[in-house]
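One structure below.
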Amino acid sequence: MAETSETLLLRAPLSGVLLPLAAVPDPVFAEGLFGDGVAIDPLSDTVVSPCDGVVLHLAATGHALTLQASCGAQVLLHVGIDTVSLRGDGFAPCVAQGAAVRQGDALIRFDVERVARQARSLVTVMAVANGHDFPVAARTDAVLAEAGRTVLLQLRPAGAAAAAAPAPRADVTDAAALRRTVTLGCAGGLHARPAARARAAIQGLEATVALHYGGRQASLSSLVALLALSADEGATVDLVASGPDAGAALDAVARELQRTDAGEEQAVFPVGMAPPPGARSGELPPGGIAGVAAAPGIAIGPLRWWRDAAPEPDQAGLGAPAERATLRAALAAVDAQLAHDSAAANARGASAEAGIFAMHRALLEDPALLQAADPLIDAGKSAGFAWREATSAEAAALAAMTDRRAADRAADLLDLGKRVLRALAAIRHGASHAEAGVSADVALGGQPVVLAADEFTPSDLIGLERTRVAALVMVRGGPTAHAAIMARQLGIPCLVALGSALERLPDGTQVIADGDHARLHANPDEHLLAAAASTLRLRAQQGQADLRVAHAPASTRDGVHVEVAANIGSLDDARHAVAQGADAVGLLRTELLFLHGEAAPAAEDHTARCQAIADVLDGRSAIVRTLDIGGDKDAAWLRLPAEANPALGLRGVRLAQVCPQLLDDQLRGLLAVRARPPLRILLPMVSEAGELLHWRARIRALAAEAGADAGIEVGVMIEVPAAALLADQLAEHADFFSIGTNDLTQYTLAMDRCQPHLAPRLDALHPAVLRMIAATAEGAARHGRWVGVCGALAGDPLAVPVLLGLGVTELSVDAALVPAIKARVRKLAHADCRKRASELLRLASAAAVREACRRYWPA
Ligand code: PEP
Ligand code: MG
């Protein structure tokens with residue numbers, strides 16, 4: 001498209017993905033009531049001028065403006081949908097009304113996160129308000145736009161209208177006109193949407209209508225003039241109409257202007273919760289609810305609320321001796337069932353799960369609970385009533401503590417309380433003691449459901465039949481809660497923190513739970529449903545195809561071998577890793593083996609657990625990380641004082657400063673494991689070479705003591721920015737590096753990885769994190785060391801080419817992802833990855849990197 005003296009070119013006001021107006025989630029724009037134009041799903045945060053012109057109107061709320069080009073074309077720029085309701089929050093205009101601007105000048109800056117959090121969509125519209133006079137002659141067929149550069153539309157004036165810029169004017173002045181006064185009901189006043197609707201309302205009528213307000217007047221035919229009236233919600237506006245249909249026109253316009261918009265469907269985000277990156281870069285359709293992904297995958301099904309309310313106990317008891325005996329019987333039944341669940345989980349190697357039950361047993365034994373319940377029973381209350389009082393008082397005390405871990409225990413206690421109440425009810429109804437301990441059954445009929453709860457507790461999930469539950473969704477909860485850990489282990493997609501929007505959905509609502517994009521779609525239209533169903537089908541087919549070749553090594557198209565290993569935390573995981581074709585174990589999180597135990601593990605415990613895993617691996621190598629307790633990982637048996645900033649405190653190898661025995665025991669235990677090839681040891685949270693030298697010396701000394709091989713390889717987790725920046729120094733003494741992008745991102749961006757409100761922004765493809773990775777690879781290369789990535793970024797298909805391009809040669813991912821990541825590696829050309837990866841370091845945001853990756857290496 002070229003500019004001539006006859007035409008006007010409009011360039012992209014924002015960078016982003018281009019959409020036709022019809023795809024805008026607002027009928028006013030989608031139906032072209034504002035005129036012809038184009039929409040952009042923005043990837044940048046500054047609206048720039050699409051052409052030279054004058055700012056004819058700037059909304060007081062800063063979310064929209066209209067430019068008039070010298071030829072007279074009026075171009076409306078409207079950021080987001082329903083953004084008028086933000087009343088300026090998040091918008092900073094860079095120009096004033098009446099200002100002359102050049103193409104490319106900044107017009108409005110907006111806070112993407114803030115606006116995305118509160119608005120229905122960020123999709124931004126550029127429309128020609130007087131398109132009758134300036135129709136669109138040509139439009140781009142590009143998919144992506146670059147702000148200020150990409151030409152989106154070419155306008156060609158229709159006849160003489162272009163000769164001069166028409167001053168917006170009221171075209172109704174005659175004395176015979178009909179008049180009416182109306183009060184503006186629309187939230188935000190006379191903004192773009194009601195103005196366009198009012199204009200559309202008189203289409204087909206033979207009438208002209210003008211609005212008078214504040215000493216000014218505007219014809220209904222000029223959107224810009226209407227906006228320029230700046231009439232607020234509640235303002236009193238005079239309507240003046242003339243022509244044969246003046247009466248009908250007045251009625252129609254008055255109806256539109258008085259509408260409160262109350263009946264319009266609004267997509268709701270949980271309060272204070274930003275939509276995830278996916279939601280920011282693609283609009284959330286009506287019915288879409290943003291949350292936080294706790295386990296990946298997509299599921300379609302009816303929503304089913306998990307009604308697990310504990311039975312309501314009678315208040316009055318049947319006499320203290322009988323009630324005391326019943327309570328003790330119920331406690332014994334639950335304890336026996338917990339012991340059974342714990343043993344069963346252990347047998348499967350699911351030690352994290354087993355530990356949760358063991359911890360519940362310890363809570364059950366807490367004498368404070370019976371000490372609180374017994375006096376109530378003696379005072380005539382029932383066992384159930386007394387037990388409920390005792391557990392809720394204790395839980396409330398825990399929940400009130402500022403320590404997040406104590407608050408987590410409160411949830412455990414309430415969960416346990418329910419379990420005992422169910423057991424009491426069962427005993428009253430004649431159940432045997434063994435039956436009484438079993439947690440509530442999931443009574444689900446028919447097709448697999450998307451199970452919803454305010455917040456699931458671990459015991460809720462025990463009896464779940466995996467085949468009956470397509471996904472788990474929660475109003476509250478966090479991605480690191482125990483229930484989320486269990487969902488991941490069960491392989492069930494899981495969304496948390498969906499907020500009150502989920503609460504409002506009734507049983508039976510058809511939903512799509514999208515754990516990949518952290519969103520739930522309620523009552524999806526047939527297109528969304530068809531798309532989700534076909535994604536599921538394709539994934540299943542692709543998954544099977546990938547798995548068939550997952551046991552072969554993976555190399556890029558140009559022959560560079562990449563080791564694809566698995567992250568594991570249990571013996572079960574190790575078996576799964578082998579079945580999924582993992583070349584090795586790239587990270588054994590040993591703390592998960594012992595987190596919920598009752599005492600610190602002894603050297604023999606370490607040997608036994610790791611030997612069992614090494615045996616299952618059958619010749620595959622394993623990187624064993626020393627205990628990384630602290631931060632968000634709390635070991636019940638490690639009684640350390642709570643820290644104000646646990647993520648910045650005694651975690652990883654730093655723990656040895658206060659508990660040196662802990663690490664010594666583990667190293668002794670690991671040195672005793674017999675494995676071929678020998679285990680490799682990985683040290684978490686190292687920040688300088690001195691620490692590494694200390695631990696290498698300690699390993700040598702312990703090996704000498706035990707007569708073990710001192711040549712065991714020792715690597716460093718690169719997860720602290722200091723370690724990345726000093727990688728060349730560390731590489732001199734390390735055998736290898738493994739980059740922990742989860743923590744490296746947390747510490748580089750200074751965003752707590754457990755903070756659900758920041759979760760959507762915690763993107764490891766942030767250029768600052770990529771620079772850390774690049775520095776690590778450079779440092780390693782100076783000493784000929786290899787670099788792996790074991791953080792979640794390694795399992796992100798979009799990130800794989802970037803990591804390979806930056807010099808990473810091993811990717812360690814959740815076992816379930818191994819086949820897909822191998823398949824991804826095989827499709828890439830290493831030379832191309834290398835060439836392009838360095839360009840990404842110059843980009844300004846994670847969103848820009850993601851966008852570039854999609855373009856360079858479509859998945
Ligand atoms: C990491 O930080 O990226 C990592 C792999 O370790 P963890 O998630 O266990 O902290
Ligand atoms: Mg880490």
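Just so we're on the same page: first chain in the structure tokens is A, next is B, and so on; residues restart at 1 for each chain, and ligands are numbered from 1 in the order they show up.
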
**Report entry** Nearby polymer residues, ligand 1, at most 9 Å, only C-alpha atoms and all ligand atoms, as JSON, numbers by chain
**Finding:** {"A": [567, 587, 589, 591, 628, 631, 632, 633, 652, 684, 685, 717, 718, 719, 720, 738, 739, 740, 741, 742, 743, 744, 745, 746, 789, 790, 791, 792, 793, 812]}

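Using only C-alpha atoms, the contacts of Asp238 in chain A at a cut-off of 9 Å, with sequence neighbours closer than 6 positions omitted, comprise Arg179, Arg180, Thr181, Val182, Thr183, Ala210, Leu211, His212 and Tyr213 of chain A.
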
Env of Arg109 in chain A: 8 Å cut, atoms = only C-alpha atoms, seq-sep filter 6 positions within chain, self excluded. Answer as a short mmCIF file (atom, residue, chain, number, x, y, z; two decimals) with N, CA and C atoms, in the first residue's frame.
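Written output follows (around-v2.cif):
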```
data_model
loop_
_atom_site.label_atom_id
_atom_site.label_comp_id
_atom_site.auth_asym_id
_atom_site.auth_seq_id
_atom_site.Cartn_x
_atom_site.Cartn_y
_atom_site.Cartn_z
N ASP A 45 2.69 -1.19 24.86
CA ASP A 45 1.88 -0.45 25.83
C ASP A 45 1.74 1.03 25.50
N THR A 46 2.15 1.44 24.31
CA THR A 46 2.03 2.86 23.96
C THR A 46 1.33 2.99 22.62
N VAL A 47 0.22 3.69 22.64
CA VAL A 47 -0.51 3.92 21.39
C VAL A 47 0.21 5.06 20.67
N PHE A 91 -4.34 4.50 32.56
CA PHE A 91 -4.09 5.21 31.29
C PHE A 91 -3.37 6.54 31.55
N ALA A 92 -2.39 6.82 30.72
CA ALA A 92 -1.68 8.10 30.83
C ALA A 92 -1.57 8.71 29.44
N PRO A 93 -2.45 9.66 29.11
CA PRO A 93 -2.35 10.31 27.80
C PRO A 93 -1.03 11.06 27.68
N CYS A 94 -0.45 11.04 26.49
CA CYS A 94 0.82 11.75 26.28
C CYS A 94 0.57 13.06 25.53
#
```

Report task. Identify which of the residues A:Arg761, A:Arg625, A:Arg557, A:Arg826 lies closest to ligand 2, counting only C-alpha atoms and all ligand atoms when measuring atom-to-atom distances. Result -> A:Arg625

Report task. Write out as a VMD selection string all residues of range 631-807 of chain A that backbone DSSP assigns to helix (DSSP H, G or I). Result -> chain A and resid 646 to 648 652 to 657 660 to 671 689 to 706 721 to 725 727 to 731 741 to 749 759 to 761 767 to 782 792 to 795 800 to 805

Could you pull the residues within 10 Å of range 500-508 of chain A, counting only C-alpha atoms, minus those fewer than 4 positions along the same chain, as a PDB file with C-alpha atoms, in the first residue's frame?
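Output (result37.pdb):
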```pdb
ATOM      1  CA  ALA A 267     -16.394 -11.311  31.702  1.00  0.00           C
ATOM      2  CA  VAL A 268     -15.197 -11.409  35.255  1.00  0.00           C
ATOM      3  CA  PHE A 269     -11.675 -11.737  36.522  1.00  0.00           C
ATOM      4  CA  PRO A 270     -11.143 -12.772  40.092  1.00  0.00           C
ATOM      5  CA  VAL A 271     -10.625  -9.668  42.178  1.00  0.00           C
ATOM      6  CA  GLY A 287     -17.654 -16.543  29.837  1.00  0.00           C
ATOM      7  CA  GLY A 288     -13.867 -16.824  30.135  1.00  0.00           C
ATOM      8  CA  ILE A 289     -12.462 -16.787  33.646  1.00  0.00           C
ATOM      9  CA  ALA A 290      -8.773 -16.263  34.296  1.00  0.00           C
ATOM     10  CA  GLY A 291      -7.036 -18.186  37.053  1.00  0.00           C
ATOM     11  CA  GLY A 301     -17.089 -31.502  30.763  1.00  0.00           C
ATOM     12  CA  PRO A 302     -19.938 -30.494  33.004  1.00  0.00           C
ATOM     13  CA  LEU A 303     -19.008 -28.622  36.148  1.00  0.00           C
ATOM     14  CA  ARG A 304     -19.721 -30.540  39.294  1.00  0.00           C
ATOM     15  CA  TRP A 305     -19.436 -28.941  42.725  1.00  0.00           C
ATOM     16  CA  TRP A 306     -17.683 -31.076  45.261  1.00  0.00           C
ATOM     17  CA  VAL A 449     -16.740 -34.022  35.234  1.00  0.00           C
ATOM     18  CA  VAL A 450     -14.761 -30.887  35.945  1.00  0.00           C
ATOM     19  CA  LEU A 451     -14.809 -31.027  39.710  1.00  0.00           C
ATOM     20  CA  ALA A 452     -15.054 -27.668  41.467  1.00  0.00           C
ATOM     21  CA  ALA A 453     -14.494 -26.646  45.065  1.00  0.00           C
ATOM     22  CA  ASP A 454     -13.702 -23.588  47.047  1.00  0.00           C
ATOM     23  CA  VAL A 473     -10.905 -26.194  39.499  1.00  0.00           C
ATOM     24  CA  MET A 474     -10.854 -24.097  42.654  1.00  0.00           C
ATOM     25  CA  VAL A 475     -12.188 -20.732  43.718  1.00  0.00           C
ATOM     26  CA  ARG A 476      -9.124 -20.177  45.889  1.00  0.00           C
ATOM     27  CA  LEU A 520     -11.849 -21.646  32.385  1.00  0.00           C
ATOM     28  CA  HIS A 521     -14.513 -21.157  29.722  1.00  0.00           C
ATOM     29  CA  ALA A 522     -18.075 -21.401  30.968  1.00  0.00           C
ATOM     30  CA  ASN A 523     -20.803 -22.220  28.444  1.00  0.00           C
TER      31      ASN A 523
END
```

Query - Best match for closeness to Gly795 in chain A among A:Arg139, A:Gly515, A:Asp412, A:Pro296, counting only C-alpha atoms - result: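 When distances to Gly795 in chain A are compared using only C-alpha atoms, the smallest one comes from A:Pro296.
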
Report task. Write out as a list in words each polymer residue whose atoms come within 8 Å of Gly569 in chain A, counting only C-alpha atoms; drop sequence neighbours fewer than 3 positions from it. Result ->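 The contact residues come out as Ala352, Asp573, Ala574, Leu588, Arg589, Thr590, Glu591, Leu592 and Leu593 of chain A.
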
**Report entry** Residue neighbourhood Arg388 in chain A, 9 Å, only C-alpha atoms, exclusion window fewer than 5 positions, as number ranges by chain
**Finding:** A: 313, 373, 383, 393, 414, 417-418, 420-421

I want to know what sits within 6 Å of range 69-77 of chain A, based on only C-alpha atoms, with residues of the same chain fewer than 2 positions away left out; could you give that as a CSV table (one decimal) with C-alpha atoms, in the first residue's frame?
```csv
chain,number,residue,atom,x,y,z
A,53,GLY,CA,-3.1,15.0,12.4
A,64,ALA,CA,-9.6,6.6,23.7
A,65,LEU,CA,-9.0,9.5,21.3
A,66,THR,CA,-9.9,10.7,17.9
A,67,LEU,CA,-7.4,12.2,15.4
A,125,VAL,CA,-9.7,-0.7,17.8
A,126,MET,CA,-8.7,1.7,15.1
A,127,ALA,CA,-11.8,2.8,13.2
A,128,VAL,CA,-12.6,5.5,10.7
A,129,ALA,CA,-15.4,7.5,12.3
A,130,ASN,CA,-16.4,9.3,9.1
A,162,ALA,CA,-11.8,15.2,1.3
A,165,ALA,CA,-11.7,19.0,7.0
```

**Report entry** Proximity to ligand 2 - best of A:Ala724, A:Ala852, A:Ala703, A:Leu683, only C-alpha atoms and all ligand atoms
**Finding:**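 Result for the nearest residue to ligand 2: A:Leu683.
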
Report task. One decimal, Å: what's the distance from CA of Arg466 in chain A over to CA of Gln447 in chain A, could you say? Result ->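 Spanning CA of Arg466 in chain A to CA of Gln447 in chain A is a straight-line distance of 12.1 Å.
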
Query raised in the report: Looking at A:Leu682, A:Ala497, A:Ala774, A:Val28, which one is nearest to ligand 2, with distances taken over only C-alpha atoms and all ligand atoms?
Result: A:Leu682

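We find CA of Glu394 in chain A and CA of Leu461 in chain A to be spaced 23.4 Å apart.
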
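CA of Pro678 in chain A lies 9.3 Å from CA of Gly619 in chain A.
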
Per DSSP on the backbone, filter range 603-805 of chain A down to the residues in strand (DSSP E) and report them as a tab-separated table (two decimals) with all heavy atoms, in the first residue's frame.
```tsv
chain	number	residue	atom	x	y	z
A	622	ALA	N	21.82	-40.22	36.74
A	622	ALA	CA	20.89	-39.44	37.58
A	622	ALA	C	21.65	-38.32	38.28
A	622	ALA	O	22.74	-38.53	38.83
A	622	ALA	CB	20.23	-40.34	38.62
A	623	ILE	N	21.05	-37.14	38.22
A	623	ILE	CA	21.59	-35.99	38.95
A	623	ILE	C	20.76	-35.85	40.22
A	623	ILE	O	19.54	-35.66	40.16
A	623	ILE	CB	21.51	-34.71	38.10
A	623	ILE	CG1	22.38	-34.87	36.86
A	623	ILE	CG2	21.92	-33.50	38.92
A	623	ILE	CD1	22.33	-33.67	35.91
A	624	VAL	N	21.42	-35.97	41.35
A	624	VAL	CA	20.71	-35.95	42.64
A	624	VAL	C	21.00	-34.61	43.31
A	624	VAL	O	22.15	-34.29	43.61
A	624	VAL	CB	21.20	-37.10	43.54
A	624	VAL	CG1	20.44	-37.09	44.86
A	624	VAL	CG2	21.01	-38.43	42.83
A	625	ARG	N	19.96	-33.85	43.50
A	625	ARG	CA	20.16	-32.55	44.17
A	625	ARG	C	20.11	-32.75	45.67
A	625	ARG	O	19.23	-33.45	46.17
A	625	ARG	CB	19.07	-31.58	43.73
A	625	ARG	CG	19.26	-30.21	44.35
A	625	ARG	CD	18.28	-29.22	43.80
A	625	ARG	NE	16.94	-29.45	44.29
A	625	ARG	CZ	15.88	-28.74	43.90
A	625	ARG	NH1	16.03	-27.79	43.00
A	625	ARG	NH2	14.69	-28.98	44.39
A	680	ARG	N	25.38	-38.26	40.08
A	680	ARG	CA	26.03	-36.94	40.08
A	680	ARG	C	25.36	-36.12	41.18
A	680	ARG	O	24.14	-36.25	41.38
A	680	ARG	CB	25.82	-36.23	38.76
A	680	ARG	CG	26.54	-36.89	37.61
A	680	ARG	CD	26.04	-36.33	36.30
A	680	ARG	NE	26.85	-36.80	35.21
A	680	ARG	CZ	26.43	-36.90	33.96
A	680	ARG	NH1	25.18	-36.55	33.65
A	680	ARG	NH2	27.22	-37.33	33.02
A	681	ILE	N	26.11	-35.27	41.84
A	681	ILE	CA	25.53	-34.47	42.92
A	681	ILE	C	25.35	-33.03	42.45
A	681	ILE	O	26.24	-32.46	41.79
A	681	ILE	CB	26.44	-34.53	44.17
A	681	ILE	CG1	26.37	-35.94	44.77
A	681	ILE	CG2	26.02	-33.49	45.21
A	681	ILE	CD1	27.22	-36.15	45.99
A	682	LEU	N	24.21	-32.47	42.78
A	682	LEU	CA	23.91	-31.10	42.37
A	682	LEU	C	23.63	-30.25	43.62
A	682	LEU	O	22.85	-30.66	44.48
A	682	LEU	CB	22.66	-31.12	41.47
A	682	LEU	CG	22.16	-29.81	40.90
A	682	LEU	CD1	23.19	-29.17	39.98
A	682	LEU	CD2	20.85	-30.05	40.10
A	683	LEU	N	24.27	-29.10	43.70
A	683	LEU	CA	24.14	-28.25	44.90
A	683	LEU	C	23.21	-27.07	44.62
A	683	LEU	O	23.46	-26.28	43.72
A	683	LEU	CB	25.52	-27.73	45.30
A	683	LEU	CG	26.57	-28.80	45.61
A	683	LEU	CD1	27.95	-28.17	45.77
A	683	LEU	CD2	26.20	-29.59	46.87
A	714	VAL	N	30.30	-33.20	40.59
A	714	VAL	CA	29.54	-32.23	41.39
A	714	VAL	C	29.18	-31.04	40.50
A	714	VAL	O	30.04	-30.43	39.87
A	714	VAL	CB	30.36	-31.75	42.60
A	714	VAL	CG1	29.55	-30.73	43.42
A	714	VAL	CG2	30.77	-32.92	43.49
A	715	GLY	N	27.89	-30.76	40.45
A	715	GLY	CA	27.42	-29.62	39.64
A	715	GLY	C	26.77	-28.56	40.51
A	715	GLY	O	26.52	-28.78	41.70
A	716	VAL	N	26.49	-27.43	39.89
A	716	VAL	CA	25.90	-26.31	40.63
A	716	VAL	C	24.57	-25.94	39.98
A	716	VAL	O	24.48	-25.84	38.75
A	716	VAL	CB	26.86	-25.09	40.60
A	716	VAL	CG1	26.17	-23.85	41.14
A	716	VAL	CG2	28.10	-25.39	41.42
A	717	MET	N	23.55	-25.75	40.83
A	717	MET	CA	22.29	-25.19	40.32
A	717	MET	C	22.55	-23.71	40.07
A	717	MET	O	23.03	-23.01	40.95
A	717	MET	CB	21.21	-25.23	41.42
A	717	MET	CG	20.53	-26.52	41.68
A	717	MET	SD	19.38	-27.04	40.42
A	717	MET	CE	17.95	-26.05	40.69
A	718	ILE	N	22.19	-23.25	38.88
A	718	ILE	CA	22.29	-21.81	38.64
A	718	ILE	C	20.87	-21.27	38.79
A	718	ILE	O	20.04	-21.39	37.89
A	718	ILE	CB	22.86	-21.52	37.23
A	718	ILE	CG1	24.23	-22.19	37.06
A	718	ILE	CG2	22.94	-20.01	36.99
A	718	ILE	CD1	25.36	-21.63	37.86
A	736	PHE	N	29.48	-29.48	36.01
A	736	PHE	CA	28.39	-29.09	35.10
A	736	PHE	C	27.50	-28.08	35.81
A	736	PHE	O	27.61	-27.88	37.04
A	736	PHE	CB	27.55	-30.32	34.70
A	736	PHE	CG	26.85	-31.00	35.85
A	736	PHE	CD1	25.54	-30.67	36.19
A	736	PHE	CD2	27.51	-31.95	36.63
A	736	PHE	CE1	24.90	-31.29	37.26
A	736	PHE	CE2	26.88	-32.57	37.71
A	736	PHE	CZ	25.57	-32.23	38.02
A	737	PHE	N	26.64	-27.45	35.02
A	737	PHE	CA	25.65	-26.53	35.57
A	737	PHE	C	24.24	-27.04	35.24
A	737	PHE	O	24.02	-27.59	34.15
A	737	PHE	CB	25.75	-25.14	34.93
A	737	PHE	CG	26.94	-24.33	35.36
A	737	PHE	CD1	27.43	-23.32	34.53
A	737	PHE	CD2	27.54	-24.54	36.59
A	737	PHE	CE1	28.51	-22.54	34.92
A	737	PHE	CE2	28.63	-23.76	36.99
A	737	PHE	CZ	29.12	-22.76	36.14
A	738	SER	N	23.32	-26.80	36.15
A	738	SER	CA	21.91	-27.04	35.81
A	738	SER	C	21.15	-25.78	36.21
A	738	SER	O	21.19	-25.37	37.38
A	738	SER	CB	21.39	-28.27	36.57
A	738	SER	OG	20.09	-28.55	36.11
A	739	ILE	N	20.52	-25.17	35.24
A	739	ILE	CA	19.88	-23.87	35.51
A	739	ILE	C	18.47	-24.10	36.05
A	739	ILE	O	17.64	-24.75	35.41
A	739	ILE	CB	19.81	-23.01	34.24
A	739	ILE	CG1	21.22	-22.84	33.66
A	739	ILE	CG2	19.20	-21.64	34.55
A	739	ILE	CD1	21.27	-22.01	32.39
A	786	TRP	N	29.37	-28.45	30.55
A	786	TRP	CA	28.07	-28.49	29.88
A	786	TRP	C	27.00	-27.85	30.78
A	786	TRP	O	27.14	-27.81	32.00
A	786	TRP	CB	27.68	-29.89	29.44
A	786	TRP	CG	27.50	-30.92	30.51
A	786	TRP	CD1	28.45	-31.80	30.96
A	786	TRP	CD2	26.31	-31.21	31.26
A	786	TRP	NE1	27.94	-32.61	31.93
A	786	TRP	CE2	26.61	-32.28	32.14
A	786	TRP	CE3	25.03	-30.71	31.26
A	786	TRP	CZ2	25.68	-32.83	33.02
A	786	TRP	CZ3	24.08	-31.26	32.13
A	786	TRP	CH2	24.41	-32.29	32.99
A	787	VAL	N	25.93	-27.38	30.12
A	787	VAL	CA	24.87	-26.67	30.84
A	787	VAL	C	23.52	-27.32	30.53
A	787	VAL	O	23.17	-27.52	29.36
A	787	VAL	CB	24.80	-25.18	30.41
A	787	VAL	CG1	23.67	-24.46	31.15
A	787	VAL	CG2	26.12	-24.49	30.66
A	788	GLY	N	22.79	-27.64	31.59
A	788	GLY	CA	21.42	-28.14	31.42
A	788	GLY	C	20.45	-27.14	32.02
A	788	GLY	O	20.84	-26.21	32.71
A	789	VAL	N	19.17	-27.37	31.75
A	789	VAL	CA	18.12	-26.58	32.40
A	789	VAL	C	17.14	-27.56	33.03
A	789	VAL	O	16.65	-28.47	32.36
A	789	VAL	CB	17.38	-25.67	31.39
A	789	VAL	CG1	16.18	-24.99	32.06
A	789	VAL	CG2	18.32	-24.61	30.85
```
